[in-house]
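Asks: Got a structure for you, upload.txt, holding compact mmCIF, C-alpha atoms and all ligand atoms.
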# COMPACT_ATOMS: atom_id res chain seq x y z
CA MET A 1416 92.59 105.11 126.94
CA ASP A 1417 95.59 106.38 125.01
CA ARG A 1418 98.22 108.07 127.10
CA LYS A 1419 98.36 111.81 126.46
CA TYR A 1420 101.85 112.96 125.49
CA VAL A 1421 103.25 116.44 125.52
CA THR A 1422 104.74 116.72 122.04
CA GLU A 1423 107.88 118.85 121.83
CA MET A 1424 109.01 120.24 118.47
CA VAL A 1425 112.67 121.23 118.09
CA PRO A 1426 114.93 122.19 115.18
CA ALA A 1427 116.97 119.28 113.83
CA ASP A 1428 120.29 120.82 114.87
CA ALA A 1429 122.98 119.09 116.96
CA ALA A 1430 121.11 119.74 120.23
CA GLY A 1431 117.82 118.51 118.75
CA ILE A 1432 119.40 115.33 117.41
CA ALA A 1433 121.06 114.64 120.78
CA ARG A 1434 117.68 115.13 122.50
CA ALA A 1435 116.05 112.75 120.00
CA ALA A 1436 118.69 110.09 120.71
CA GLU A 1437 117.99 110.40 124.43
CA VAL A 1438 114.20 110.09 124.02
CA LEU A 1439 114.67 107.05 121.76
CA ARG A 1440 117.06 105.36 124.22
CA GLU A 1441 114.33 105.62 126.83
CA GLY A 1442 111.82 103.95 124.52
CA GLY A 1443 110.03 107.12 123.37
CA LEU A 1444 108.57 108.16 120.01
CA VAL A 1445 110.31 110.72 117.78
CA ALA A 1446 109.26 112.01 114.35
CA VAL A 1447 112.38 112.30 112.20
CA PRO A 1448 112.82 113.77 108.70
CA THR A 1449 114.04 111.41 105.98
CA GLU A 1450 114.61 112.07 102.27
CA THR A 1451 111.21 110.45 101.53
CA VAL A 1452 108.71 111.40 104.27
CA TYR A 1453 108.90 112.00 108.03
CA GLY A 1454 109.21 108.73 109.93
CA LEU A 1455 107.79 107.96 113.37
CA ALA A 1456 110.80 106.32 115.02
CA ALA A 1457 111.18 104.08 118.05
CA ARG A 1458 113.92 101.65 118.99
CA ALA A 1459 113.31 98.44 117.07
CA ASP A 1460 114.74 96.21 119.80
CA LYS A 1461 112.13 96.92 122.51
CA GLU A 1462 108.62 95.47 122.34
CA ASP A 1463 107.01 98.26 124.32
CA ALA A 1464 108.64 101.02 122.25
CA VAL A 1465 107.42 99.36 119.03
CA ALA A 1466 103.96 98.85 120.52
CA ARG A 1467 103.78 102.62 121.09
CA ILE A 1468 104.24 103.24 117.36
CA TYR A 1469 101.23 101.05 116.54
CA ARG A 1470 99.16 102.79 119.21
CA ALA A 1471 100.12 106.35 118.20
CA LYS A 1472 99.30 105.69 114.54
CA GLY A 1473 96.26 103.51 115.17
CA ARG A 1474 97.98 100.98 112.94
CA PRO A 1475 96.84 97.35 112.74
CA SER A 1476 99.46 95.09 114.29
CA PHE A 1477 99.63 92.79 111.25
CA ASN A 1478 101.24 95.55 109.18
CA PRO A 1479 105.02 95.24 109.67
CA LEU A 1480 107.47 98.15 110.00
CA ILE A 1481 110.63 99.15 108.15
CA VAL A 1482 113.83 98.90 110.22
CA HIS A 1483 116.18 101.83 109.59
CA VAL A 1484 119.92 101.22 109.83
CA ARG A 1485 123.17 103.08 109.15
CA ASP A 1486 124.43 100.94 106.32
CA ARG A 1487 124.51 97.51 104.72
CA GLN A 1488 126.80 96.14 107.39
CA GLN A 1489 124.29 96.89 110.14
CA ALA A 1490 121.47 95.66 107.91
CA ALA A 1491 123.24 92.34 107.37
CA TYR A 1492 123.14 91.67 111.11
CA PHE A 1493 119.34 91.53 110.94
CA GLY A 1494 118.69 90.25 107.41
CA ASP A 1495 120.25 87.94 104.84
CA PHE A 1496 121.96 90.05 102.17
CA ALA A 1497 123.70 87.22 100.34
CA GLY A 1498 123.80 87.49 96.55
CA THR A 1499 122.15 90.25 94.53
CA ALA A 1500 120.37 91.81 97.53
CA GLY A 1501 123.75 92.81 98.99
CA VAL A 1502 124.94 94.22 95.67
CA VAL A 1503 121.77 96.28 95.30
CA ALA A 1504 122.01 97.62 98.85
CA GLU A 1505 125.65 98.57 98.32
CA LEU A 1506 124.77 100.39 95.11
CA VAL A 1507 121.73 102.37 96.28
CA TRP A 1508 122.23 102.92 100.01
CA PRO A 1509 122.03 105.31 101.65
CA GLY A 1510 118.86 106.15 99.76
CA PRO A 1511 115.12 105.68 99.25
CA LEU A 1512 115.09 101.90 98.76
CA THR A 1513 113.75 99.35 101.25
CA MET A 1514 114.84 95.73 100.87
CA VAL A 1515 112.66 92.88 102.14
CA VAL A 1516 115.02 89.99 102.94
CA PRO A 1517 114.92 86.78 105.01
CA ARG A 1518 115.19 87.60 108.70
CA VAL A 1519 118.20 86.35 110.65
CA GLY A 1520 116.88 84.78 113.86
CA ASP A 1521 117.66 85.92 117.38
CA ARG A 1522 119.12 89.34 116.67
CA GLY A 1523 117.04 91.11 119.28
CA LEU A 1524 114.43 92.74 117.04
CA ALA A 1525 111.05 93.18 118.72
CA GLU A 1526 108.63 90.57 117.36
CA ALA A 1527 106.06 93.24 116.51
CA VAL A 1528 108.45 94.83 113.99
CA ALA A 1529 108.11 92.04 111.44
CA ALA A 1530 104.53 91.23 112.52
CA GLY A 1531 105.35 87.53 112.52
CA LEU A 1532 106.75 87.38 108.97
CA PRO A 1533 109.92 85.35 108.23
CA THR A 1534 111.26 88.40 106.39
CA VAL A 1535 112.33 91.87 107.51
CA ALA A 1536 112.23 95.21 105.69
CA LEU A 1537 115.48 97.22 106.00
CA ARG A 1538 116.50 100.64 104.74
CA ALA A 1539 119.53 102.92 105.18
CA PRO A 1540 118.18 106.46 104.65
CA SER A 1541 120.29 109.26 103.15
CA HIS A 1542 118.82 112.25 105.01
CA PRO A 1543 121.63 113.89 107.03
CA VAL A 1544 119.46 114.26 110.15
CA MET A 1545 118.38 110.61 110.18
CA ARG A 1546 121.96 109.54 109.47
CA ALA A 1547 123.35 111.67 112.30
CA LEU A 1548 120.75 110.20 114.64
CA LEU A 1549 121.57 106.61 113.64
CA GLU A 1550 125.25 107.35 114.30
CA GLN A 1551 124.46 108.33 117.90
CA ILE A 1552 122.51 105.23 118.91
CA ASP A 1553 123.47 101.59 119.05
CA PHE A 1554 120.10 100.13 118.08
CA PRO A 1555 118.12 100.25 114.79
CA LEU A 1556 114.96 102.34 114.42
CA ALA A 1557 111.55 101.06 113.43
CA ALA A 1558 109.87 103.91 111.55
CA PRO A 1559 106.67 104.01 109.56
CA SER A 1560 105.48 107.26 108.04
CA ALA A 1561 104.60 109.73 110.82
CA ASN A 1562 100.86 110.03 110.18
CA ARG A 1563 97.70 108.52 111.59
CA SER A 1564 97.05 105.21 109.84
CA GLY A 1565 95.27 105.62 106.50
CA PHE A 1566 95.85 109.38 106.19
CA ILE A 1567 98.22 111.47 104.10
CA SER A 1568 101.93 110.95 104.70
CA PRO A 1569 103.88 113.90 106.18
CA THR A 1570 106.53 115.79 104.23
CA SER A 1571 106.94 118.58 106.81
CA ALA A 1572 107.14 118.87 110.59
CA GLU A 1573 103.82 120.76 110.52
CA HIS A 1574 102.13 117.81 108.80
CA VAL A 1575 103.39 115.56 111.59
CA ARG A 1576 102.15 117.92 114.26
CA ALA A 1577 98.70 118.16 112.65
CA SER A 1578 98.37 114.38 112.71
CA LEU A 1579 100.19 113.24 115.85
CA ASP A 1580 100.30 116.14 118.32
CA GLY A 1581 99.73 114.79 121.83
CA ARG A 1582 100.44 111.21 120.71
CA ILE A 1583 104.27 111.25 120.46
CA ASP A 1584 107.18 112.69 122.46
CA LEU A 1585 109.20 114.74 120.01
CA ILE A 1586 109.22 116.13 116.46
CA LEU A 1587 112.58 116.97 114.88
CA ASP A 1588 111.93 119.78 112.42
CA GLY A 1589 114.33 119.31 109.51
CA GLY A 1590 112.31 121.19 106.86
CA PRO A 1591 110.52 119.67 103.88
CA CYS A 1592 111.39 116.19 102.54
CA GLU A 1593 113.05 116.26 99.16
CA ASP A 1594 111.78 113.08 97.46
CA GLY A 1595 108.30 113.39 98.95
CA LEU A 1596 107.20 109.77 98.34
CA GLU A 1597 107.91 106.69 100.45
CA SER A 1598 110.82 104.44 99.50
CA THR A 1599 110.59 101.87 96.74
CA ILE A 1600 110.22 98.41 98.33
CA LEU A 1601 112.09 95.54 96.63
CA HIS A 1602 112.07 91.83 97.39
CA ILE A 1603 114.32 89.47 95.40
CA ASP A 1604 112.96 85.95 95.75
CA GLY A 1605 114.91 82.68 95.97
CA GLY A 1606 114.74 82.31 92.19
CA GLY A 1607 116.29 85.77 91.67
CA VAL A 1608 113.01 87.33 90.51
CA TRP A 1609 112.55 90.99 91.48
CA HIS A 1610 109.25 91.98 93.11
CA GLU A 1611 108.40 95.67 93.43
CA LEU A 1612 106.23 95.66 96.55
CA ARG A 1613 105.77 99.44 96.44
CA PRO A 1614 106.75 101.90 93.66
CA GLY A 1615 108.78 104.88 94.84
CA PRO A 1616 111.70 107.18 94.05
CA ILE A 1617 114.07 104.39 92.97
CA ASN A 1618 113.34 103.09 89.46
CA LEU A 1619 113.88 99.33 89.69
CA ALA A 1620 113.93 98.71 85.94
CA ALA A 1621 116.78 101.21 85.54
CA LEU A 1622 118.59 99.69 88.53
CA HIS A 1623 118.21 96.20 87.07
CA ASP A 1624 119.72 97.45 83.78
CA ILE A 1625 122.78 98.75 85.64
CA LEU A 1626 123.38 95.39 87.30
CA PHE A 1627 122.49 93.05 84.46
CA ASP A 1628 122.60 93.01 80.67
CA PRO A 1629 120.24 95.83 79.61
CA HIS A 1630 119.71 94.03 76.28
CA ASN A 1631 118.17 91.18 78.16
CA PRO A 1632 115.62 92.93 80.37
CA VAL A 1633 113.69 90.86 82.86
CA GLU A 1634 110.21 91.41 84.04
CA ILE A 1635 109.94 93.10 87.42
CA ARG A 1636 106.83 91.79 89.11
CA ARG A 1637 104.67 94.46 90.61
CA GLY A 1638 103.05 94.01 93.97
CA THR A 1639 102.62 90.29 93.56
CA GLY A 1640 104.68 87.62 95.17
CA GLU A 1641 104.57 84.38 96.99
CA ARG A 1642 102.51 84.44 100.15
CA GLY A 1643 104.03 86.47 102.94
CA ILE A 1644 106.08 88.88 100.86
CA GLU A 1645 103.36 91.25 99.77
CA ALA A 1646 103.67 94.61 101.53
CA PRO A 1647 100.60 94.33 103.74
CA GLY A 1648 100.36 98.11 104.07
CA GLN A 1649 99.68 98.49 100.37
CA LEU A 1650 95.93 98.58 100.68
CA ALA A 1651 93.48 100.19 98.32
CA SER A 1652 92.36 103.07 100.53
CA HIS A 1653 95.26 105.10 101.88
CA TYR A 1654 96.65 108.65 101.76
CA SER A 1655 93.09 109.95 101.97
CA PRO A 1656 92.41 113.70 102.30
CA GLY A 1657 89.12 112.71 103.96
CA LYS A 1658 86.89 113.73 101.03
CA PRO A 1659 86.09 112.35 97.56
CA VAL A 1660 88.96 112.61 95.04
CA ARG A 1661 88.42 112.68 91.24
CA LEU A 1662 91.45 111.74 89.12
CA ASN A 1663 92.50 112.74 85.59
CA ALA A 1664 90.50 115.96 85.80
CA THR A 1665 91.20 118.60 83.16
CA GLN A 1666 89.22 121.32 84.90
CA ALA A 1667 87.59 121.87 88.25
CA GLU A 1668 83.88 121.32 88.68
CA ALA A 1669 81.78 123.15 91.27
CA GLU A 1670 82.87 122.61 94.88
CA GLU A 1671 86.16 120.99 93.87
CA PHE A 1672 89.61 121.93 95.16
CA MET A 1673 91.74 121.50 92.04
CA ILE A 1674 95.31 120.14 92.10
CA GLY A 1675 96.92 121.03 88.78
CA PHE A 1676 99.87 119.66 86.83
CA GLY A 1677 101.69 121.10 83.77
CA GLN A 1678 99.20 122.82 81.43
CA VAL A 1679 96.25 122.03 83.70
CA PRO A 1680 95.92 124.84 86.27
CA GLY A 1681 94.52 124.50 89.77
CA ASP A 1682 94.16 126.07 93.19
CA VAL A 1683 97.63 124.62 93.68
CA THR A 1684 99.85 122.75 91.23
CA LEU A 1685 102.04 119.68 91.57
CA SER A 1686 104.40 121.21 89.02
CA ALA A 1687 103.58 124.11 86.68
CA SER A 1688 106.43 123.00 84.39
CA GLY A 1689 105.18 119.39 84.26
CA ASP A 1690 108.21 117.96 86.12
CA VAL A 1691 107.31 114.60 87.72
CA ASN A 1692 110.10 114.83 90.31
CA GLU A 1693 108.83 118.20 91.51
CA ALA A 1694 105.32 116.72 91.52
CA ALA A 1695 106.49 113.82 93.73
CA SER A 1696 108.00 116.14 96.30
CA ARG A 1697 104.87 118.34 96.32
CA LEU A 1698 102.20 115.60 96.18
CA TYR A 1699 101.48 115.12 99.88
CA GLY A 1700 101.72 118.87 100.58
CA CYS A 1701 99.05 119.48 97.92
CA LEU A 1702 96.86 116.69 99.34
CA HIS A 1703 97.20 118.22 102.82
CA LEU A 1704 96.06 121.60 101.39
CA SER A 1705 93.10 119.93 99.66
CA SER A 1706 92.18 118.32 102.95
CA ALA A 1707 92.33 121.64 104.85
CA SER A 1708 90.35 123.51 102.17
CA ASP A 1709 86.67 124.24 102.83
CA ARG A 1710 85.66 122.69 99.51
CA PRO A 1711 84.06 119.24 99.92
CA HIS A 1712 85.64 117.60 96.84
CA VAL A 1713 89.11 117.27 95.33
CA ALA A 1714 90.11 116.95 91.66
CA VAL A 1715 93.59 116.10 90.39
CA ALA A 1716 95.03 116.71 86.91
CA PRO A 1717 96.48 113.76 84.97
CA VAL A 1718 100.13 112.91 85.78
CA PRO A 1719 102.12 110.93 83.17
CA GLU A 1720 103.21 107.37 84.04
CA GLU A 1721 106.85 108.17 83.27
CA GLY A 1722 109.59 107.75 85.91
CA VAL A 1723 108.38 108.53 89.42
CA GLY A 1724 104.99 109.38 87.85
CA ARG A 1725 104.11 105.71 88.31
CA ALA A 1726 104.60 106.00 92.07
CA ILE A 1727 102.62 109.28 92.13
CA ASN A 1728 99.69 107.62 90.33
CA ASP A 1729 99.88 104.64 92.70
CA ARG A 1730 99.42 107.02 95.68
CA LEU A 1731 96.71 109.04 93.89
CA ARG A 1732 94.66 105.92 93.12
CA ARG A 1733 94.77 104.96 96.79
CA ALA A 1734 93.86 108.51 97.87
CA ALA A 1735 90.83 108.28 95.55
CA THR A 1736 89.58 104.92 96.86
CA PRO A 1737 86.81 105.37 99.45
CA PRO A 1738 87.66 103.64 102.77
CA ASP A 1739 84.48 101.57 102.53
CA ASN A 1740 85.80 99.83 99.44
CA ASP A 1741 88.84 98.62 101.34
CA GLN A 1742 87.87 95.45 103.13
CA SER A 1743 91.27 94.97 104.72
CA SER A 1744 91.65 98.66 105.60
CA SER A 1745 95.03 98.91 107.27
CA GLY A 1746 96.80 102.01 106.08
CA SER A 1747 100.26 102.86 107.21
O1 LIG A 1801 110.20 105.96 102.87
C1 LIG A 1801 109.80 105.14 103.69
O2 LIG A 1801 109.87 103.91 103.49
C2 LIG A 1801 109.18 105.68 104.99
C3 LIG A 1801 110.31 106.37 105.76
C4 LIG A 1801 109.88 106.83 107.12
O3 LIG A 1801 111.43 105.52 105.84
N1 LIG A 1801 108.58 104.64 105.77
C5 LIG A 1801 107.42 104.03 105.41
O4 LIG A 1801 106.93 103.12 106.31
O5 LIG A 1801 106.83 104.28 104.37
P1 LIG A 1801 105.43 102.56 106.29
O6 LIG A 1801 105.26 101.79 107.54
O7 LIG A 1801 104.50 103.67 106.05
O8 LIG A 1801 105.44 101.54 105.13
C6 LIG A 1801 106.13 100.32 105.29
C7 LIG A 1801 105.72 99.34 104.23
C8 LIG A 1801 104.34 98.79 104.49
O9 LIG A 1801 103.64 98.71 103.26
C9 LIG A 1801 104.64 97.41 105.04
O10 LIG A 1801 103.60 96.52 104.82
C10 LIG A 1801 105.89 97.05 104.28
O11 LIG A 1801 106.63 98.24 104.28
N2 LIG A 1801 106.68 96.00 104.95
C11 LIG A 1801 107.34 96.07 106.12
N3 LIG A 1801 107.91 94.89 106.43
C12 LIG A 1801 107.63 94.05 105.41
C13 LIG A 1801 107.94 92.68 105.12
N4 LIG A 1801 108.65 91.93 105.96
N5 LIG A 1801 107.47 92.16 103.98
C14 LIG A 1801 106.74 92.92 103.12
N6 LIG A 1801 106.41 94.20 103.34
C15 LIG A 1801 106.85 94.77 104.46
MG MG A 1802 102.78 105.05 105.52
Written as structure tokens, that's how I'd like the structure from this file.

Replies:
Amino acid sequence: MDRKYVTEMVPADAAGIARAAEVLREGGLVAVPTETVYGLAARADKEDAVARIYRAKGRPSFNPLIVHVRDRQQAAYFGDFAGTAGVVAELVWPGPLTMVVPRVGDRGLAEAVAAGLPTVALRAPSHPVMRALLEQIDFPLAAPSANRSGFISPTSAEHVRASLDGRIDLILDGGPCEDGLESTILHIDGGGVWHELRPGPINLAALHDILFDPHNPVEIRRGTGERGIEAPGQLASHYSPGKPVRLNATQAEAEEFMIGFGQVPGDVTLSASGDVNEAASRLYGCLHLSSASDRPHVAVAPVPEEGVGRAINDRLRRAATPPDNDQSSSGS
């Protein structure tokens, strides 16, 4: 049986952050706001603390976790940032980019963090609360999104509470998350080829143009890579509101909760002005509302593939895939 926790929720002020640091030191679980989504944090250097994350989420143990650090210097203790990876990290961090790099052995990370892979995923977040917390502790934080495995990611403290109340120790309430979508995940392979393992707020093509000759663009491979570097959490059925979702809808049919965008109205809208960045930050909130609604179906207006729209459509396609179609079902 799962242990029953009493879940405290406190404002993310100085006292709250100090309390969070204390709970984490003792191996507890704390939901922390980041610029992307709320993360469910535990110290990454203790097997039992990391095991608690997997239990609280109901997450399969073969799906590895992102290790959150202060900066590139701390990241380079755990992973190999030689070459372009280091330049990219220096340019984007702190921010919504996760880098999958070769793992440096024997640096005290719990084995369960990397789920047996020879690589490790590292990210230095920009959210002031997460940064303040990382300053107060001397260990890195493993933190997946703070939701039950397979369900909608949380962009508010209330979303976390709805999903994980009684399963974690503490929720730091730092208000809504600005970006609203999980970090872009990048792996640069030994041949220098860029692999986008998950689309997100950072546009890799634009980043590549900054670093290299924009007149000589290279292909960024999407979601494919040599064995072992795929993001195992990127499974078809994920982010589900728990009812059927119809995409590219231009008007609601009977019994549908409609999520609008731009000219297409709805019960709620991702962005009335058709702004994809606003839509990204509102996406999970709208999916949570569709889930709570008493209507048995959900319809979503078309969202253009431009900019972060690509990442929005990636999440929407997963939200619309029935769990039964997902053989490997292991949401994160
Ligand atoms: O924005 C974010 O990245 C949020 C916040 C909390 O930082 N975190 C997050 O974590 O989205 P999670 O666990 O929901 O997603 C982590 C993804 C999974 O798809 C996982 O498979 C992938 O990162 N991943 C972790 N380690 C990996 C590795 N060594 N190689 C490839 N993919 C990896
Ligand atoms: Mg997740």

Asks: Would you pick out the contacts of Val1425 in chain A at 9 Å or less, using all atoms listed in the file, so that residues sharing its chain but fewer than 3 positions from it are not included, and give the list as a PyMOL selection string?

Replies: chain A and resi 1428+1430-1432+1585-1589

Asks: Need to verify the contact set: Thr1684 in chain A, 7 Å, only C-alpha atoms, exclusion of same-chain residues closer than 4 positions in sequence. Can you return it as a short mmCIF file (atom, residue, chain, number, x, y, z; two decimals) with C-alpha atoms, keeping the file's coordinate frame?

Replies:
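Result went into around_0.cif, see below:
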data_model
loop_
_atom_site.label_atom_id
_atom_site.label_comp_id
_atom_site.auth_asym_id
_atom_site.auth_seq_id
_atom_site.Cartn_x
_atom_site.Cartn_y
_atom_site.Cartn_z
CA ILE A 1674 95.31 120.14 92.10
CA GLY A 1675 96.92 121.03 88.78
CA PHE A 1676 99.87 119.66 86.83
CA PRO A 1680 95.92 124.84 86.27
#

Asks: Show me which residues line ligand LIG 1801 (chain A), defined as having an atom within 8 Å of a ligand atom where all atoms listed in the file count, and present them as a ChimeraX atom specification.

Replies: /A:1447-1456,1478-1481,1483,1511-1513,1515-1516,1528-1530,1532-1538,1540,1558-1561,1568,1596-1600,1602,1612-1613,1643-1649,1746-1747

Asks: Using only C-alpha atoms and all ligand atoms, can you tell me which of A:Ala1464, A:Ile1567, A:Ala1694, A:Ala1667 comes closest to ligand MG 1802 (chain A)?

Replies: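 For ligand MG 1802 (chain A), the nearest of the given residues is A:Ile1567.
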
Asks: With distances taken over only C-alpha atoms and all ligand atoms, which residue among A:Met1545, A:Pro1737, A:Gly1565, A:Glu1670 lies nearest ligand MG 1802 (chain A)?

Replies: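 Distance minimum relative to ligand MG 1802 (chain A) lands on A:Gly1565.
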
Asks: I want to know what sits within 10 Å of Lys1658 in chain A, based on all atoms listed in the file, with residues of the same chain fewer than 6 positions away left out; could you give that as a list in words?

Replies: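 Near neighbours after the sequence-gap exclusion: Ser1705, Ser1706, Arg1710, Pro1711, His1712, Val1713, Ala1734, Ala1735 and Pro1737 of chain A.
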
Asks: What is the distance, in Å and to one decimal place, between CA of Val1679 in chain A and CA of Pro1616 in chain A?

Replies: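 Going from CA of Val1679 in chain A over to CA of Pro1616 in chain A covers 23.8 Å.
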
Asks: Which centre and which edge lengths, in Å to one decimal, describe the axis-aligned box that holds all listed atoms of range 1559-1570 of chain A after 6 Å is added on each side, as AutoDock Vina command-line options?

Replies:
--center_x 101.0 --center_y 109.9 --center_z 107.8 --size_x 23.4 --size_y 23.8 --size_z 19.5

Asks: Measuring between all atoms listed in the file, which one of A:Gly1501, A:Pro1543, A:Gly1595, A:Gly1590 shows the shortest distance to ligand MG 1802 (chain A)?

Replies: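 Among the listed residues, A:Gly1595 lies closest to ligand MG 1802 (chain A).
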
Asks: What is the distance between CA of Gly1581 in chain A and CA of Lys1461 in chain A, in Å to one decimal?

Replies: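 Computed distance, CA of Gly1581 in chain A to CA of Lys1461 in chain A, equals 21.8 Å.
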
Asks: Given all atoms listed in the file as the basis, pick out the residue of A:Asn1562, A:Ala1436, A:Arg1522, A:Ser1541 nearest to ligand MG 1802 (chain A).

Replies: A:Asn1562

Asks: Which residues, written as a short mmCIF file (atom, residue, chain, number, x, y, z; two decimals) with C-alpha atoms, in the frame of the given file, have at least one atom at most 9 Å from Glu1462 in chain A, with all atoms listed in the file counted and residues fewer than 5 positions away on the same chain left out?

Replies:
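File part38.cif, as written:
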data_model
loop_
_atom_site.label_atom_id
_atom_site.label_comp_id
_atom_site.auth_asym_id
_atom_site.auth_seq_id
_atom_site.Cartn_x
_atom_site.Cartn_y
_atom_site.Cartn_z
CA ARG A 1467 103.78 102.62 121.09
CA LEU A 1524 114.43 92.74 117.04
CA ALA A 1525 111.05 93.18 118.72
CA GLU A 1526 108.63 90.57 117.36
CA ALA A 1527 106.06 93.24 116.51
CA VAL A 1528 108.45 94.83 113.99
#

Asks: Record the distance separating CA of Val1484 in chain A and CA of Val1421 in chain A, expressed in Å with one decimal.

Replies: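 Answer for the CA of Val1484 in chain A to CA of Val1421 in chain A separation: 27.5 Å.
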
Asks: With only C-alpha atoms as the atoms that count, which of A:Ile1617, A:Cys1592, A:Val1575, A:Ala1669 lies nearest to Leu1698 in chain A?

Replies: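 Looking only at the distances to Leu1698 in chain A, the closest residue turns out to be A:Cys1592.
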
Asks: Check the smallest atom-to-atom distance from each of A:Ser1571, A:Leu1731, A:Arg1474, A:Gly1510 to ligand MG 1802 (chain A) using all atoms listed in the file, then report the winner.

Replies: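 Ranked by minimum distance to ligand MG 1802 (chain A), first place goes to A:Arg1474.
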
Asks: Give as a PDB file with C-alpha atoms, in the coordinates of the input each residue that has an atom at most 6 Å from (99.4, 107.9, 112.6) in the file, counting all atoms listed in the file.

Replies:
ATOM      1  CA  ALA A1471     100.120 106.350 118.200  1.00  0.00           C
ATOM      2  CA  LYS A1472      99.300 105.690 114.540  1.00  0.00           C
ATOM      3  CA  GLY A1473      96.260 103.510 115.170  1.00  0.00           C
ATOM      4  CA  ALA A1561     104.600 109.730 110.820  1.00  0.00           C
ATOM      5  CA  ASN A1562     100.860 110.030 110.180  1.00  0.00           C
ATOM      6  CA  ARG A1563      97.700 108.520 111.590  1.00  0.00           C
ATOM      7  CA  SER A1564      97.050 105.210 109.840  1.00  0.00           C
TER       8      SER A1564
END

Asks: Quick one: everything within 12 Å of Glu1693 in chain A, counting only C-alpha atoms, minus sequence neighbours fewer than 2 positions away in the same chain. Send it as a VMD selection string.

Replies: chain A and resid 1592 to 1596 1616 1676 to 1677 1684 to 1691 1695 to 1701 1718 1722 to 1724 1727

Asks: Keeping only C-alpha atoms, write those residues as an mmCIF file, in the coordinates of the input.

Replies:
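The result, stored in again00.cif:
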data_model
loop_
_atom_site.group_PDB
_atom_site.id
_atom_site.type_symbol
_atom_site.label_atom_id
_atom_site.label_comp_id
_atom_site.auth_asym_id
_atom_site.auth_seq_id
_atom_site.Cartn_x
_atom_site.Cartn_y
_atom_site.Cartn_z
ATOM 1 C CA CYS A 1592 111.390 116.190 102.540
ATOM 2 C CA GLU A 1593 113.050 116.260 99.160
ATOM 3 C CA ASP A 1594 111.780 113.080 97.460
ATOM 4 C CA GLY A 1595 108.300 113.390 98.950
ATOM 5 C CA LEU A 1596 107.200 109.770 98.340
ATOM 6 C CA PRO A 1616 111.700 107.180 94.050
ATOM 7 C CA PHE A 1676 99.870 119.660 86.830
ATOM 8 C CA GLY A 1677 101.690 121.100 83.770
ATOM 9 C CA THR A 1684 99.850 122.750 91.230
ATOM 10 C CA LEU A 1685 102.040 119.680 91.570
ATOM 11 C CA SER A 1686 104.400 121.210 89.020
ATOM 12 C CA ALA A 1687 103.580 124.110 86.680
ATOM 13 C CA SER A 1688 106.430 123.000 84.390
ATOM 14 C CA GLY A 1689 105.180 119.390 84.260
ATOM 15 C CA ASP A 1690 108.210 117.960 86.120
ATOM 16 C CA VAL A 1691 107.310 114.600 87.720
ATOM 17 C CA ALA A 1695 106.490 113.820 93.730
ATOM 18 C CA SER A 1696 108.000 116.140 96.300
ATOM 19 C CA ARG A 1697 104.870 118.340 96.320
ATOM 20 C CA LEU A 1698 102.200 115.600 96.180
ATOM 21 C CA TYR A 1699 101.480 115.120 99.880
ATOM 22 C CA GLY A 1700 101.720 118.870 100.580
ATOM 23 C CA CYS A 1701 99.050 119.480 97.920
ATOM 24 C CA VAL A 1718 100.130 112.910 85.780
ATOM 25 C CA GLY A 1722 109.590 107.750 85.910
ATOM 26 C CA VAL A 1723 108.380 108.530 89.420
ATOM 27 C CA GLY A 1724 104.990 109.380 87.850
ATOM 28 C CA ILE A 1727 102.620 109.280 92.130
#
